[in-house]
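Notes for the one structure printed next.
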Amino acid sequence: MLKHSHHQQTAFHNLIVPTSDSIKQPRAEPQTAHSSNFKMSKNIITVFGATGAQGGSVVSIFLNDPKLSKDWQVRGVTRDVSKDSSKALAAKGVEVIAADLSDRSSLAAAVNGATAVFAVTNYWDKLDKELETQQGKNIADAALEAGVKHFIFSSLLDINKLSNGVLPDVYHFDSKAAVEEYIRTTSLPSTFFLPGFYMSNLPGGMLRQTPPDNAWALTLPVPASSPMPLFDAAADTGKFVKGIVLNREKVLGKRVLAATAYTTAGEAVEIFKKVYPEAGKTARYNEASHDDFRGALKGQGMPDFVAEEMLQNMRLLNEFGYYGGEKLDESHAIVEDKLTTWEEHVRESKAFAGLQ
């Protein structure tokens with residue numbers, strides 16, 4: 001079977017999906033910033049979170065890929081069309097529109113006339129599972145009413161169900177899974193895009209210099225053998241969505257697991273040491289206790305329930321598997337562009353700038 005966490009400024013918070021994907025938007029009449037290059041003759045893909053990591057990657061590939069740019073016009077949904085990031089999209093030929101995920105009328109305008117939709121929601125905006133689920137349903141309802149031919153939803157597995165209740169509090173997964181479950185009860189032609197563990201979680205965050213010796217260390221509450229399906233969201237979301245759009249019939253009703261490869265926590269450190277041998281001399285992996293990991297998050301100002309959610313999120317990697325043990329091969333088969341490796345990400349990360 002073709003088979004997805006966000007951000008306060010803490011070392012551990014952005015476990016799967018960052019705040020740049022936030023699509024918190026004002027309640028207002030739909031605003032648009034039209035480009036002179038807008039052509040109604042092309043298919044329209046509406047991209048939510050157009051200035052975020054996932055959505056921004058989708059926008060980029062539809063603008064720059066010769067095959068896609070010939071047939072598709074991008075409509076980008078963002079929180080505020082007056083921001084520089086939104087204006088920059090309009091200058092590139094994107095039709096930019098503001099919509100509120102809790103305002104059905106603005107959502108109707110966002111998807112009106114669209115052939116395809118890429119939808120991403122943001123639990124971390126309000127830390128409200130029910131709100132995120134309702135907003136996802138709102139987008140789906142608008143797409144169904146508009147007659148969208150291909151709805152691509154950024155989803156995640158139901159971890160409460162996968163773990164048989166052992167990990168009941170991974171709300172940012174389960175909220176998206178509830179949206180997916182709802183979509184499957186409708187006639188909306190859909191594919192479910194499941195982003196892996198963000199590579200960007202690690203440099204300078206989980207993998208950072210630590211006292212007392214200032215050595216680089218990756219610290220997680222799981223064994224070093226725990227597999228992480230690493231994914232460069234900003235670079236590679238569009239590559240997977242391109243594959244989904246070009247292979248519509250093959251992936252309708254299915255999940256696409258968006259990750260480059262399974263890399264263990266220990267392997268991630270070894271690759272860092274390979275790229276930066278001088279800094280890597282003292283680099284190490286630290287397996288934190290559950291209490292220490294939870295306590296570190298609380299110490300950074302994270303609410304108790306979120307710290308517990310993050311702990312369970314990490315336990316998932318070792319105890320049940322991020323994707324429940326599913327392989328990536330079938331999802332890779334629809335991707336024709338080269339995916340970003342962890343080694344490449346390490347070499348290019350600004351958090352490691354100047355290391356040797």
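Identifiers in this document derive from the order of the structure tokens: chains are assigned A, B, ..., residues are numbered from 1 separately in each chain, and ligands are numbered from 1 in order of occurrence.
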
Residues of region 115-318 of chain A in helix (DSSP H, G or I) according to DSSP, as a ChimeraX atom specification?
-> /A:123-125,129-146,159-162,171-183,199-201,233-246,248-251,265-275,277-280,290-299,304-318

Name all residues at most 7 Å from Arg75 (chain A) (count only C-alpha atoms; drop same-chain ones fewer than 5 positions away) and give them as a list in words.
-> Ile44, Ile45, Thr46, Val47, Val94, Glu95 and Val96 of chain A

Using only C-alpha atoms, the best pick from A:Asn138, A:Asn286, A:Ser82, A:Ser69 as closest to Ser102 (chain A) would be A:Asn138

Point out the residue among A:Ser175, A:Ser106, A:Thr115, A:Asn160 with the least atom-to-atom distance to Asp71 (chain A), counting only C-alpha atoms.
->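 Among the listed residues, A:Thr115 lies closest to Asp71 (chain A).
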
May I have the residues within 8 Å of Ala259 (chain A) as a list in words, using only C-alpha atoms and disregarding those fewer than 6 positions away in the same chain?
-> Pro195, Gly196, Phe197, Pro229, Leu230, Phe231, Asp232 and Leu328 of chain A

Using only C-alpha atoms, find the one residue out of A:Tyr198, A:Tyr276, A:Phe62, A:Phe153 that sits nearest to Glu180 (chain A).
->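 Among the listed residues, A:Phe153 lies closest to Glu180 (chain A).
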
So which one's closest to Gly204 (chain A), A:Lys176, A:His332, A:Lys350, A:Lys161? Using only C-alpha atoms, please.
->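 Nearest candidate to Gly204 (chain A) out of A:Lys176, A:His332, A:Lys350, A:Lys161: A:Lys350.
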
Which of these residues is nearest to Leu63 (chain A), using only C-alpha atoms: A:Arg104, A:Lys274, A:Lys242, A:Lys254?
->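 Comparing A:Arg104, A:Lys274, A:Lys242, A:Lys254 against Leu63 (chain A), the winner is A:Lys242.
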
Could you please determine the separation between CA of Asp213 (chain A) and CA of Gly280 (chain A) in Å, to one decimal place?
->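 Computing it gives 13.0 Å between the two atoms.
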
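Between CA of Thr264 (chain A) and CA of Ser225 (chain A) there is a distance of 5.3 Å.
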
Given only C-alpha atoms, how would the per-residue table for region 193-269 of chain A near region 117-122 of chain A read, listing every residue at most 12 Å away with its closest atom pair and distance in Å to one decimal, sorted by chain and number, as JSON lines?
```
{"residue": "A:Phe193", "atom": "CA", "partner": "A:Phe118", "partner_atom": "CA", "distance": 9.2}
{"residue": "A:Leu194", "atom": "CA", "partner": "A:Val120", "partner_atom": "CA", "distance": 10.6}
{"residue": "A:Pro195", "atom": "CA", "partner": "A:Val120", "partner_atom": "CA", "distance": 10.7}
{"residue": "A:Thr237", "atom": "CA", "partner": "A:Phe118", "partner_atom": "CA", "distance": 10.6}
{"residue": "A:Gly238", "atom": "CA", "partner": "A:Phe118", "partner_atom": "CA", "distance": 10.2}
{"residue": "A:Phe240", "atom": "CA", "partner": "A:Phe118", "partner_atom": "CA", "distance": 11.5}
{"residue": "A:Val241", "atom": "CA", "partner": "A:Phe118", "partner_atom": "CA", "distance": 8.2}
{"residue": "A:Lys242", "atom": "CA", "partner": "A:Phe118", "partner_atom": "CA", "distance": 10.9}
{"residue": "A:Ile244", "atom": "CA", "partner": "A:Phe118", "partner_atom": "CA", "distance": 10.5}
{"residue": "A:Val245", "atom": "CA", "partner": "A:Val117", "partner_atom": "CA", "distance": 10.0}
```

Given the choices A:Val222, A:Ala114, A:Leu252, A:Ala258, which gets closest to Glu330 (chain A) if the distance is worked out from only C-alpha atoms?
->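 Closest to Glu330 (chain A), using only C-alpha atoms: A:Ala258.
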